[in-house]
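Trainee: What follows is coords_23.txt, made up of compact mmCIF, C-alpha atoms and all ligand atoms:
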```
# COMPACT_ATOMS: atom_id res chain seq x y z
CA MET M 1 10.73 -12.18 21.28
CA ALA M 2 11.62 -14.17 24.37
CA SER M 3 14.99 -12.50 24.69
CA THR M 4 13.99 -8.92 24.00
CA GLY M 5 12.54 -7.92 27.34
CA VAL M 6 9.18 -6.34 27.93
CA VAL M 7 6.70 -6.08 25.05
CA THR M 8 5.43 -2.56 24.42
CA VAL M 9 1.67 -2.47 24.82
CA TYR M 10 0.24 -0.89 21.72
CA GLY M 11 -3.44 -0.23 21.88
CA GLU M 12 -5.02 3.09 22.69
CA GLY M 13 -5.14 5.37 19.73
CA SER M 14 -3.62 2.89 17.36
CA MET M 15 -6.01 -0.05 17.48
CA THR M 16 -9.77 -0.32 17.68
CA GLU M 17 -11.01 0.02 21.25
CA THR M 18 -13.12 -2.75 22.71
CA LYS M 19 -16.53 -1.73 24.02
CA GLN M 20 -15.76 -3.31 27.37
CA THR M 21 -12.04 -3.66 28.07
CA PRO M 22 -9.29 -1.54 26.55
CA PHE M 23 -7.31 -3.56 24.06
CA SER M 24 -4.10 -2.65 25.88
CA VAL M 25 -5.40 -4.31 29.05
CA LYS M 26 -6.08 -7.55 27.19
CA VAL M 27 -2.63 -7.40 25.61
CA GLY M 28 -1.14 -6.86 29.07
CA LEU M 29 -3.00 -9.87 30.48
CA ALA M 30 -1.66 -12.06 27.71
CA GLN M 31 1.85 -10.78 28.37
CA MET M 32 1.67 -12.32 31.83
CA LEU M 33 1.91 -15.73 30.16
CA ARG M 34 5.31 -15.00 28.60
CA GLY M 35 7.93 -17.65 29.12
CA GLY M 36 5.29 -20.24 29.91
CA VAL M 37 3.76 -23.46 28.62
CA ILE M 38 0.02 -23.71 28.00
CA MET M 39 -1.21 -27.31 28.11
CA ASP M 40 -4.31 -28.79 26.51
CA VAL M 41 -6.38 -30.73 29.05
CA VAL M 42 -9.65 -32.60 28.69
CA ASN M 43 -10.62 -33.06 32.34
CA ALA M 44 -9.89 -31.85 35.87
CA ASP M 45 -7.32 -34.59 36.55
CA GLN M 46 -5.26 -33.57 33.54
CA ALA M 47 -5.59 -29.91 34.56
CA ARG M 48 -4.12 -30.74 37.98
CA ILE M 49 -1.25 -32.60 36.30
CA ALA M 50 -0.60 -29.57 34.08
CA GLU M 51 -0.63 -27.16 37.01
CA GLU M 52 1.65 -29.44 39.02
CA ALA M 53 4.02 -29.61 36.05
CA GLY M 54 4.30 -25.82 36.06
CA ALA M 55 2.02 -24.87 33.13
CA CYS M 56 1.20 -21.15 33.12
CA ALA M 57 -2.34 -21.88 31.87
CA VAL M 58 -4.46 -24.75 30.62
CA MET M 59 -6.55 -25.01 27.48
CA ALA M 60 -9.79 -26.86 28.23
CA LEU M 61 -11.05 -28.87 25.28
CA GLU M 62 -13.01 -32.09 24.88
CA ARG M 63 -10.43 -33.95 22.78
CA VAL M 64 -6.74 -33.24 22.29
CA PRO M 65 -5.96 -32.49 18.63
CA ALA M 66 -4.53 -35.98 17.99
CA ASP M 67 -7.89 -37.47 18.98
CA ILE M 68 -9.78 -34.90 16.91
CA ARG M 69 -7.72 -36.09 13.93
CA ALA M 70 -8.16 -39.76 14.71
CA GLN M 71 -11.87 -39.65 15.46
CA GLY M 72 -12.96 -37.09 12.88
CA GLY M 73 -16.44 -35.56 12.98
CA VAL M 74 -17.32 -31.99 13.82
CA ALA M 75 -15.23 -30.56 16.64
CA ARG M 76 -17.03 -27.90 18.68
CA MET M 77 -16.74 -25.88 21.87
CA SER M 78 -16.45 -28.19 24.90
CA ASP M 79 -19.22 -28.87 27.39
CA PRO M 80 -19.33 -25.78 29.67
CA GLN M 81 -19.71 -28.06 32.71
CA MET M 82 -16.40 -29.73 31.88
CA ILE M 83 -14.77 -26.31 31.61
CA LYS M 84 -16.27 -25.25 34.95
CA ASP M 85 -14.91 -28.44 36.55
CA ILE M 86 -11.46 -27.63 35.20
CA LYS M 87 -11.74 -24.07 36.48
CA SER M 88 -12.55 -25.37 39.97
CA ALA M 89 -9.61 -27.79 39.90
CA VAL M 90 -6.79 -25.30 39.24
CA THR M 91 -5.64 -21.81 40.18
CA ILE M 92 -3.88 -21.00 36.87
CA PRO M 93 -5.78 -19.30 34.01
CA VAL M 94 -8.14 -21.48 31.98
CA MET M 95 -8.50 -20.99 28.23
CA ALA M 96 -11.15 -22.61 26.08
CA LYS M 97 -11.74 -22.90 22.36
CA ALA M 98 -14.49 -21.50 20.19
CA ARG M 99 -14.93 -22.36 16.51
CA ILE M 100 -13.69 -19.74 14.05
CA GLY M 101 -16.49 -17.24 13.51
CA HIS M 102 -18.73 -18.78 16.19
CA PHE M 103 -19.32 -15.71 18.31
CA VAL M 104 -22.09 -17.40 20.30
CA GLU M 105 -19.73 -20.12 21.52
CA ALA M 106 -17.45 -17.25 22.56
CA GLN M 107 -20.30 -15.50 24.38
CA ILE M 108 -21.00 -18.71 26.30
CA LEU M 109 -17.35 -19.18 27.21
CA GLU M 110 -17.10 -15.60 28.41
CA SER M 111 -20.25 -15.98 30.48
CA ILE M 112 -18.87 -18.98 32.40
CA GLY M 113 -15.73 -17.04 33.28
CA VAL M 114 -12.96 -18.54 31.17
CA ASP M 115 -9.86 -16.37 31.25
CA TYR M 116 -8.99 -16.45 27.52
CA ILE M 117 -10.73 -17.72 24.38
CA ASP M 118 -8.85 -19.47 21.60
CA GLU M 119 -10.60 -18.95 18.25
CA SER M 120 -9.17 -22.12 16.86
CA GLU M 121 -8.73 -23.81 13.49
CA VAL M 122 -8.35 -27.06 15.44
CA LEU M 123 -12.14 -27.02 15.80
CA THR M 124 -14.36 -27.25 12.72
CA LEU M 125 -14.95 -23.86 11.07
CA ALA M 126 -18.29 -22.21 11.82
CA ASP M 127 -17.84 -19.34 9.34
CA GLU M 128 -15.69 -19.69 6.24
CA ASP M 129 -15.36 -15.94 5.69
CA ASN M 130 -15.49 -14.15 9.02
CA HIS M 131 -13.58 -14.43 12.25
CA ILE M 132 -15.13 -13.30 15.52
CA ASN M 133 -15.07 -9.56 16.18
CA LYS M 134 -13.02 -9.96 19.31
CA HIS M 135 -13.38 -6.31 20.30
CA ASN M 136 -16.92 -7.17 21.40
CA PHE M 137 -15.60 -9.23 24.32
CA LYS M 138 -14.02 -8.21 27.57
CA ILE M 139 -11.67 -11.19 27.84
CA PRO M 140 -8.58 -11.67 25.66
CA PHE M 141 -8.54 -13.92 22.61
CA VAL M 142 -5.68 -15.91 21.13
CA CYS M 143 -5.72 -16.73 17.40
CA GLY M 144 -3.52 -18.78 15.11
CA CYS M 145 -1.47 -17.68 12.12
CA ARG M 146 0.92 -19.07 9.53
CA ASN M 147 2.46 -15.78 8.45
CA LEU M 148 2.76 -12.11 9.34
CA GLY M 149 -0.23 -10.95 7.31
CA GLU M 150 -2.51 -13.46 9.00
CA ALA M 151 -1.19 -12.49 12.45
CA LEU M 152 -1.87 -8.78 11.86
CA ARG M 153 -5.34 -9.42 10.44
CA ARG M 154 -6.23 -11.30 13.63
CA ILE M 155 -4.79 -8.53 15.80
CA ARG M 156 -6.90 -5.99 13.91
CA GLU M 157 -9.97 -8.10 14.75
CA GLY M 158 -8.97 -7.91 18.42
CA ALA M 159 -6.68 -10.87 19.12
CA ALA M 160 -4.53 -9.99 22.14
CA MET M 161 -2.24 -12.96 21.66
CA ILE M 162 -1.02 -14.84 18.62
CA ARG M 163 0.08 -18.43 18.27
CA THR M 164 1.67 -19.78 15.16
CA LYS M 165 -0.50 -22.68 14.03
CA GLY M 166 1.87 -25.54 13.27
CA GLU M 167 -0.06 -28.75 12.61
CA ALA M 168 -1.89 -29.65 15.80
CA GLY M 169 -2.20 -33.29 16.71
CA THR M 170 0.62 -34.54 14.51
CA GLY M 171 3.47 -34.61 17.04
CA ASN M 172 5.53 -33.27 14.14
CA VAL M 173 7.20 -29.92 14.69
CA VAL M 174 8.00 -29.16 11.04
CA GLU M 175 4.98 -26.91 10.39
CA ALA M 176 5.47 -25.09 13.69
CA VAL M 177 9.03 -24.29 12.60
CA ARG M 178 7.82 -23.17 9.16
CA HIS M 179 5.25 -20.79 10.63
CA VAL M 180 7.54 -19.26 13.27
CA ARG M 181 10.26 -18.75 10.65
CA SER M 182 7.72 -17.23 8.28
CA VAL M 183 6.45 -14.65 10.81
CA ASN M 184 9.84 -13.76 12.24
CA GLY M 185 11.60 -13.76 8.87
CA ALA M 186 8.98 -11.35 7.52
CA ILE M 187 9.50 -9.08 10.53
CA ARG M 188 13.26 -9.06 9.90
CA LEU M 189 12.64 -8.07 6.26
CA LEU M 190 10.20 -5.38 7.32
CA ARG M 191 12.65 -3.96 9.81
CA ASN M 192 15.16 -3.32 7.05
CA MET M 193 12.61 -1.89 4.64
CA ASP M 194 12.57 1.72 3.52
CA ASP M 195 9.53 3.48 5.05
CA ASP M 196 8.23 4.24 1.56
CA GLU M 197 8.07 0.54 0.78
CA VAL M 198 5.77 -0.28 3.70
CA PHE M 199 2.57 0.78 1.89
CA ALA M 200 3.09 -1.76 -0.87
CA TYR M 201 4.27 -4.41 1.58
CA ALA M 202 1.14 -4.00 3.74
CA LYS M 203 -0.97 -4.44 0.60
CA LYS M 204 1.05 -7.47 -0.47
CA ILE M 205 0.57 -9.29 2.84
CA ALA M 206 -3.04 -8.05 3.16
CA ALA M 207 -2.40 -6.50 6.56
CA PRO M 208 -3.51 -3.18 8.06
CA TYR M 209 -0.90 -0.52 7.27
CA ASP M 210 -0.76 0.93 10.80
CA LEU M 211 -0.10 -2.48 12.35
CA VAL M 212 2.62 -3.18 9.80
CA VAL M 213 4.26 0.13 10.79
CA GLN M 214 4.01 -0.75 14.51
CA THR M 215 5.53 -4.15 13.87
CA LYS M 216 8.38 -2.52 11.94
CA GLU M 217 9.04 -0.11 14.81
CA LEU M 218 8.90 -2.81 17.49
CA GLY M 219 10.79 -5.44 15.53
CA ARG M 220 8.21 -7.96 16.72
CA LEU M 221 4.46 -8.50 16.81
CA PRO M 222 2.68 -5.98 19.03
CA VAL M 223 1.23 -8.85 21.12
CA VAL M 224 2.75 -12.00 22.62
CA GLN M 225 3.57 -14.72 20.14
CA PHE M 226 3.44 -18.35 21.23
CA ALA M 227 4.21 -21.45 19.15
CA ALA M 228 1.72 -24.31 18.79
CA GLY M 229 0.98 -27.44 16.85
CA GLY M 230 3.22 -30.49 16.89
CA VAL M 231 5.49 -29.75 19.85
CA ALA M 232 6.15 -33.16 21.42
CA THR M 233 9.52 -33.07 23.21
CA PRO M 234 11.48 -30.73 25.47
CA ALA M 235 13.86 -30.13 22.55
CA ASP M 236 10.93 -29.12 20.29
CA ALA M 237 9.76 -26.64 22.93
CA ALA M 238 13.24 -25.15 23.36
CA LEU M 239 13.57 -24.90 19.57
CA MET M 240 10.44 -22.75 19.43
CA MET M 241 11.86 -20.48 22.12
CA GLN M 242 15.26 -20.18 20.46
CA LEU M 243 13.49 -19.28 17.21
CA GLY M 244 12.02 -16.29 19.05
CA CYS M 245 8.66 -17.31 20.53
CA ASP M 246 7.38 -16.00 23.85
CA GLY M 247 6.03 -19.37 24.99
CA VAL M 248 4.62 -22.67 23.80
CA PHE M 249 1.27 -24.48 23.58
CA VAL M 250 1.48 -28.25 24.00
CA GLY M 251 -1.47 -30.56 23.61
CA SER M 252 -1.23 -34.07 22.28
CA GLY M 253 2.53 -34.19 22.94
CA VAL M 254 1.96 -34.47 26.69
CA PHE M 255 -1.23 -36.45 27.13
CA LYS M 256 -0.65 -38.86 24.21
CA SER M 257 2.80 -39.76 25.57
CA GLY M 258 3.82 -42.64 27.82
CA ASP M 259 4.36 -40.49 30.93
CA PRO M 260 2.43 -37.19 30.84
CA VAL M 261 3.52 -36.13 34.35
CA LYS M 262 7.21 -36.47 33.58
CA ARG M 263 6.99 -35.10 30.04
CA GLY M 264 4.86 -32.14 31.09
CA LYS M 265 7.40 -31.14 33.73
CA ALA M 266 10.27 -31.64 31.31
CA ILE M 267 8.68 -29.41 28.67
CA VAL M 268 8.12 -26.65 31.22
CA GLN M 269 11.75 -26.93 32.33
CA ALA M 270 12.87 -26.83 28.71
CA VAL M 271 10.96 -23.61 28.05
CA THR M 272 12.41 -21.98 31.17
CA ASN M 273 15.97 -23.10 30.34
CA TYR M 274 15.70 -23.04 26.57
CA ARG M 275 19.30 -21.97 25.95
CA ASP M 276 20.89 -24.36 28.44
CA ALA M 277 21.79 -27.53 26.55
CA ALA M 278 22.91 -29.30 29.73
CA VAL M 279 19.51 -28.78 31.36
CA LEU M 280 17.78 -29.74 28.11
CA ALA M 281 19.78 -32.98 28.04
CA GLU M 282 18.96 -33.72 31.66
CA VAL M 283 15.22 -33.15 31.31
CA SER M 284 15.10 -35.17 28.08
CA CYS M 285 16.36 -38.34 29.81
CA GLY M 286 14.03 -41.24 30.57
CA LEU M 287 10.77 -39.63 29.50
CA GLY M 288 9.28 -42.87 28.18
CA GLU M 289 7.46 -43.03 24.88
CA ALA M 290 6.85 -39.81 22.96
CA MET M 291 3.56 -39.64 21.05
CA VAL M 292 3.89 -41.63 17.84
CA GLY M 293 3.21 -38.71 15.51
CA LEU M 294 2.46 -38.35 11.81
CA ASN M 295 4.60 -37.66 8.80
CA LEU M 296 2.91 -34.91 6.85
CA ASP M 297 2.10 -36.50 3.52
CA ASP M 298 -0.80 -35.48 1.28
CA LYS M 299 -3.28 -37.64 3.18
CA VAL M 300 -2.91 -35.65 6.41
CA GLU M 301 -5.54 -32.94 6.72
CA ARG M 302 -4.00 -29.49 7.29
CA PHE M 303 -5.91 -27.78 10.07
CA ALA M 304 -3.66 -24.74 9.55
CA SER M 305 -5.12 -24.07 6.08
CA ARG M 306 -8.70 -23.93 7.27
CA SER M 307 -8.56 -20.16 7.68
CA GLU M 308 -6.54 -17.26 6.36
O1 LIG A 401 -5.03 -25.98 19.48
C1 LIG A 401 -4.15 -25.58 20.18
C2 LIG A 401 -3.90 -24.18 20.34
O2 LIG A 401 -4.99 -23.57 19.78
C3 LIG A 401 -3.35 -26.53 20.86
O3 LIG A 401 -3.06 -26.11 22.13
C4 LIG A 401 -2.12 -26.83 20.15
O4 LIG A 401 -2.19 -26.51 18.81
C5 LIG A 401 -1.82 -28.21 20.45
O5 LIG A 401 -1.32 -28.91 19.37
P1 LIG A 401 -0.65 -30.28 19.66
O6 LIG A 401 -1.73 -31.21 20.08
O7 LIG A 401 -0.04 -30.67 18.36
O8 LIG A 401 0.38 -30.02 20.73
```
Could you render the structure as structure tokens?

Mentor:
Amino acid sequence: MASTGVVTVYGEGSMTETKQTPFSVKVGLAQMLRGGVIMDVVNADQARIAEEAGACAVMALERVPADIRAQGGVARMSDPQMIKDIKSAVTIPVMAKARIGHFVEAQILESIGVDYIDESEVLTLADEDNHINKHNFKIPFVCGCRNLGEALRRIREGAAMIRTKGEAGTGNVVEAVRHVRSVNGAIRLLRNMDDDEVFAYAKKIAAPYDLVVQTKELGRLPVVQFAAGGVATPADAALMMQLGCDGVFVGSGVFKSGDPVKRGKAIVQAVTNYRDAAVLAEVSCGLGEAMVGLNLDDKVERFASRSE
């Protein structure tokens, strides 16, 4: 995780090859984001704020998750022109979201030159059974997960980067913590498992056996693992890092707060200095209003459960 040095690139020989770009190259590209913050932005001005704050990449989408929750309706891929405007406004990588299973949205995003595609449960599902075959694309994909089995299923489909899902748009970090602990706790169990037990464990978590073995050997996922969904403060971001993530996605937490410029910078500083409580205290001072946030009772829709 963040403290374990360089991630081994597993790909050739052990995972399905893409038709266009070796899987290991996509995994390597995603590794370049380690230690960074990826910020959701909905226009070029926000993208400039994110870059200025030190974000390692931006996620272009038409509504931050808190607004998707509040406004409802079908959430789809953003207007390609808006994404192009964001691409022209910044020098850092630009990600964009496609609906789960909507490989044509992904084809469009690839054709306009986005750097990464997020196949995201934050958008409305396009296919209830199938995710995109990500090996058919030359750019890397990031996908969400709640547990180890889900992470490895996405990697088998070609995801070069994993983010734990959390509950996007709630400003509540509890689900993000649950999902990071679930993935990393399962990896700790796996690490201590007898080799003979791995066959049954792979079946139990519905994950490809060879990827389970690789994860056991590495003691971590074979791709970068970011946290997402509900991170709203510098302390939340540092918590994700101390729990073993490689970086953090922040959406609503920045641009639904009282002072996005200040909070964005503070969250980036917190991820860089995640073990330094004095720095965390300093950057947490005077940030203005945090996003209001939601307590997760039964009435709150769980985006994280939309896919397995
Ligand atoms: O959808 C995302 C990643 O795919 C968002 O970047 C992330 O989940 C943002 O969530 P929040 O608005 O709660 O910070």

Trainee: May I have the residues within 8 Å of ligand LIG 401 (chain A), computed using all atoms listed in the file, as a ChimeraX atom specification?

Mentor: /M:38-40,59,64-66,97,118-122,142-144,163,165-172,228-232,249-254

Trainee: So how far away is atom CA of Gly149 of chain M from atom CA of Ala207 of chain M, in Å?

Mentor: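 Atom CA of Gly149 of chain M lies 5.0 Å from atom CA of Ala207 of chain M.
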
Trainee: Considering all atoms listed in the file, give me a table of residues in segment 148-254 of chain M that are at most 8 Å from segment 274-277 of chain M, with the closest atom pair and distance in Å for each, as CSV.

Mentor:
```
residue,atom,partner,partner_atom,distance
M:Ala237,CA,M:Tyr274,CA,7.8
M:Ala238,CA,M:Tyr274,CA,4.6
M:Leu239,CA,M:Tyr274,CA,7.5
M:Met241,CA,M:Tyr274,CA,6.4
M:Gln242,CA,M:Tyr274,CA,6.8
```

Trainee: Report, in Å with one decimal, the straight-line distance from atom CA of Asn43 of chain M to atom CA of Val58 of chain M.

Mentor: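 Result for atom CA of Asn43 of chain M versus atom CA of Val58 of chain M: 10.5 Å, one decimal.
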
Trainee: Kindly extract all protein, DNA and RNA residues lying within 9 Å of the coordinates (-18.0, -13.8, 24.9) given in the file, considering all atoms listed in the file, and supply them as a PyMOL selection string.

Mentor: chain M and resi 103-111+117+134+136-139

Trainee: Between atom CA of Ala75 of chain M and atom CA of Glu308 of chain M, what is the distance, to one decimal in Å?

Mentor: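 Taking atom CA of Ala75 of chain M and atom CA of Glu308 of chain M, their separation equals 18.9 Å.
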
Trainee: Set the distance at 6 Å and use only C-alpha atoms: which residues neighbour segment 176-193 of chain M once local chain neighbours fewer than 3 positions away are removed? I'd like the list as a list in words.

Mentor: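 My reading of the contact set: Arg146, Asn147, Leu148, Thr164, Gly166, Val173, Lys216 and Gly229 of chain M.
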
Trainee: Write segment 221-246 of chain M as a PDB file, in the coordinates of the input, completed to N, CA, C and O atoms.

Mentor:
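Done, and the output landed in result01.pdb:
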```pdb
ATOM      1  N   LEU M 221       5.906  -8.734  16.786  1.00  0.00           N
ATOM      2  CA  LEU M 221       4.460  -8.500  16.810  1.00  0.00           C
ATOM      3  C   LEU M 221       4.119  -7.621  18.007  1.00  0.00           C
ATOM      4  O   LEU M 221       4.780  -7.717  19.050  1.00  0.00           O
ATOM      5  N   PRO M 222       3.050  -6.830  17.893  1.00  0.00           N
ATOM      6  CA  PRO M 222       2.680  -5.980  19.030  1.00  0.00           C
ATOM      7  C   PRO M 222       1.927  -6.720  20.139  1.00  0.00           C
ATOM      8  O   PRO M 222       1.428  -6.084  21.060  1.00  0.00           O
ATOM      9  N   VAL M 223       1.832  -8.034  20.051  1.00  0.00           N
ATOM     10  CA  VAL M 223       1.230  -8.850  21.120  1.00  0.00           C
ATOM     11  C   VAL M 223       2.130 -10.072  21.316  1.00  0.00           C
ATOM     12  O   VAL M 223       2.984 -10.346  20.473  1.00  0.00           O
ATOM     13  N   VAL M 224       1.903 -10.822  22.400  1.00  0.00           N
ATOM     14  CA  VAL M 224       2.750 -12.000  22.620  1.00  0.00           C
ATOM     15  C   VAL M 224       2.511 -13.043  21.525  1.00  0.00           C
ATOM     16  O   VAL M 224       1.403 -13.196  21.006  1.00  0.00           O
ATOM     17  N   GLN M 225       3.585 -13.740  21.231  1.00  0.00           N
ATOM     18  CA  GLN M 225       3.570 -14.720  20.140  1.00  0.00           C
ATOM     19  C   GLN M 225       4.033 -16.074  20.680  1.00  0.00           C
ATOM     20  O   GLN M 225       5.208 -16.244  21.012  1.00  0.00           O
ATOM     21  N   PHE M 226       3.106 -17.005  20.798  1.00  0.00           N
ATOM     22  CA  PHE M 226       3.440 -18.350  21.230  1.00  0.00           C
ATOM     23  C   PHE M 226       3.540 -19.269  20.004  1.00  0.00           C
ATOM     24  O   PHE M 226       3.029 -18.946  18.937  1.00  0.00           O
ATOM     25  N   ALA M 227       4.185 -20.414  20.196  1.00  0.00           N
ATOM     26  CA  ALA M 227       4.210 -21.450  19.150  1.00  0.00           C
ATOM     27  C   ALA M 227       3.200 -22.523  19.524  1.00  0.00           C
ATOM     28  O   ALA M 227       2.937 -22.752  20.712  1.00  0.00           O
ATOM     29  N   ALA M 228       2.648 -23.196  18.518  1.00  0.00           N
ATOM     30  CA  ALA M 228       1.720 -24.310  18.790  1.00  0.00           C
ATOM     31  C   ALA M 228       1.764 -25.294  17.643  1.00  0.00           C
ATOM     32  O   ALA M 228       2.295 -25.005  16.566  1.00  0.00           O
ATOM     33  N   GLY M 229       1.203 -26.478  17.913  1.00  0.00           N
ATOM     34  CA  GLY M 229       0.980 -27.440  16.850  1.00  0.00           C
ATOM     35  C   GLY M 229       2.141 -28.344  16.530  1.00  0.00           C
ATOM     36  O   GLY M 229       2.980 -28.019  15.696  1.00  0.00           O
ATOM     37  N   GLY M 230       2.203 -29.496  17.218  1.00  0.00           N
ATOM     38  CA  GLY M 230       3.220 -30.490  16.890  1.00  0.00           C
ATOM     39  C   GLY M 230       4.395 -30.545  17.838  1.00  0.00           C
ATOM     40  O   GLY M 230       5.313 -31.339  17.633  1.00  0.00           O
ATOM     41  N   VAL M 231       4.383 -29.714  18.868  1.00  0.00           N
ATOM     42  CA  VAL M 231       5.490 -29.750  19.850  1.00  0.00           C
ATOM     43  C   VAL M 231       5.309 -31.006  20.707  1.00  0.00           C
ATOM     44  O   VAL M 231       4.262 -31.199  21.314  1.00  0.00           O
ATOM     45  N   ALA M 232       6.330 -31.874  20.726  1.00  0.00           N
ATOM     46  CA  ALA M 232       6.150 -33.160  21.420  1.00  0.00           C
ATOM     47  C   ALA M 232       7.281 -33.498  22.384  1.00  0.00           C
ATOM     48  O   ALA M 232       7.171 -34.453  23.143  1.00  0.00           O
ATOM     49  N   THR M 233       8.372 -32.747  22.347  1.00  0.00           N
ATOM     50  CA  THR M 233       9.520 -33.070  23.210  1.00  0.00           C
ATOM     51  C   THR M 233      10.048 -31.785  23.840  1.00  0.00           C
ATOM     52  O   THR M 233       9.786 -30.680  23.343  1.00  0.00           O
ATOM     53  N   PRO M 234      10.845 -31.926  24.898  1.00  0.00           N
ATOM     54  CA  PRO M 234      11.480 -30.730  25.470  1.00  0.00           C
ATOM     55  C   PRO M 234      12.339 -30.015  24.430  1.00  0.00           C
ATOM     56  O   PRO M 234      12.362 -28.772  24.383  1.00  0.00           O
ATOM     57  N   ALA M 235      13.014 -30.759  23.581  1.00  0.00           N
ATOM     58  CA  ALA M 235      13.860 -30.130  22.550  1.00  0.00           C
ATOM     59  C   ALA M 235      13.003 -29.337  21.565  1.00  0.00           C
ATOM     60  O   ALA M 235      13.387 -28.231  21.142  1.00  0.00           O
ATOM     61  N   ASP M 236      11.838 -29.872  21.183  1.00  0.00           N
ATOM     62  CA  ASP M 236      10.930 -29.120  20.290  1.00  0.00           C
ATOM     63  C   ASP M 236      10.552 -27.788  20.942  1.00  0.00           C
ATOM     64  O   ASP M 236      10.530 -26.738  20.287  1.00  0.00           O
ATOM     65  N   ALA M 237      10.216 -27.856  22.232  1.00  0.00           N
ATOM     66  CA  ALA M 237       9.760 -26.640  22.930  1.00  0.00           C
ATOM     67  C   ALA M 237      10.891 -25.614  22.988  1.00  0.00           C
ATOM     68  O   ALA M 237      10.681 -24.417  22.735  1.00  0.00           O
ATOM     69  N   ALA M 238      12.102 -26.070  23.295  1.00  0.00           N
ATOM     70  CA  ALA M 238      13.240 -25.150  23.360  1.00  0.00           C
ATOM     71  C   ALA M 238      13.556 -24.573  21.980  1.00  0.00           C
ATOM     72  O   ALA M 238      13.974 -23.418  21.846  1.00  0.00           O
ATOM     73  N   LEU M 239      13.354 -25.388  20.945  1.00  0.00           N
ATOM     74  CA  LEU M 239      13.570 -24.900  19.570  1.00  0.00           C
ATOM     75  C   LEU M 239      12.647 -23.720  19.273  1.00  0.00           C
ATOM     76  O   LEU M 239      13.060 -22.692  18.716  1.00  0.00           O
ATOM     77  N   MET M 240      11.390 -23.852  19.653  1.00  0.00           N
ATOM     78  CA  MET M 240      10.440 -22.750  19.430  1.00  0.00           C
ATOM     79  C   MET M 240      10.898 -21.480  20.139  1.00  0.00           C
ATOM     80  O   MET M 240      10.820 -20.374  19.608  1.00  0.00           O
ATOM     81  N   MET M 241      11.402 -21.655  21.352  1.00  0.00           N
ATOM     82  CA  MET M 241      11.860 -20.480  22.120  1.00  0.00           C
ATOM     83  C   MET M 241      13.099 -19.869  21.486  1.00  0.00           C
ATOM     84  O   MET M 241      13.212 -18.650  21.373  1.00  0.00           O
ATOM     85  N   GLN M 242      14.040 -20.725  21.075  1.00  0.00           N
ATOM     86  CA  GLN M 242      15.260 -20.180  20.460  1.00  0.00           C
ATOM     87  C   GLN M 242      14.955 -19.507  19.128  1.00  0.00           C
ATOM     88  O   GLN M 242      15.676 -18.613  18.691  1.00  0.00           O
ATOM     89  N   LEU M 243      13.882 -19.930  18.470  1.00  0.00           N
ATOM     90  CA  LEU M 243      13.490 -19.280  17.210  1.00  0.00           C
ATOM     91  C   LEU M 243      12.784 -17.943  17.471  1.00  0.00           C
ATOM     92  O   LEU M 243      12.456 -17.222  16.540  1.00  0.00           O
ATOM     93  N   GLY M 244      12.528 -17.634  18.730  1.00  0.00           N
ATOM     94  CA  GLY M 244      12.020 -16.290  19.050  1.00  0.00           C
ATOM     95  C   GLY M 244      10.597 -16.228  19.567  1.00  0.00           C
ATOM     96  O   GLY M 244      10.018 -15.141  19.605  1.00  0.00           O
ATOM     97  N   CYS M 245      10.028 -17.364  19.998  1.00  0.00           N
ATOM     98  CA  CYS M 245       8.660 -17.310  20.530  1.00  0.00           C
ATOM     99  C   CYS M 245       8.666 -16.903  22.002  1.00  0.00           C
ATOM    100  O   CYS M 245       9.677 -17.032  22.690  1.00  0.00           O
ATOM    101  N   ASP M 246       7.514 -16.433  22.456  1.00  0.00           N
ATOM    102  CA  ASP M 246       7.380 -16.000  23.850  1.00  0.00           C
ATOM    103  C   ASP M 246       6.934 -17.140  24.756  1.00  0.00           C
ATOM    104  O   ASP M 246       6.927 -16.986  25.984  1.00  0.00           O
TER     105      ASP M 246
END
```
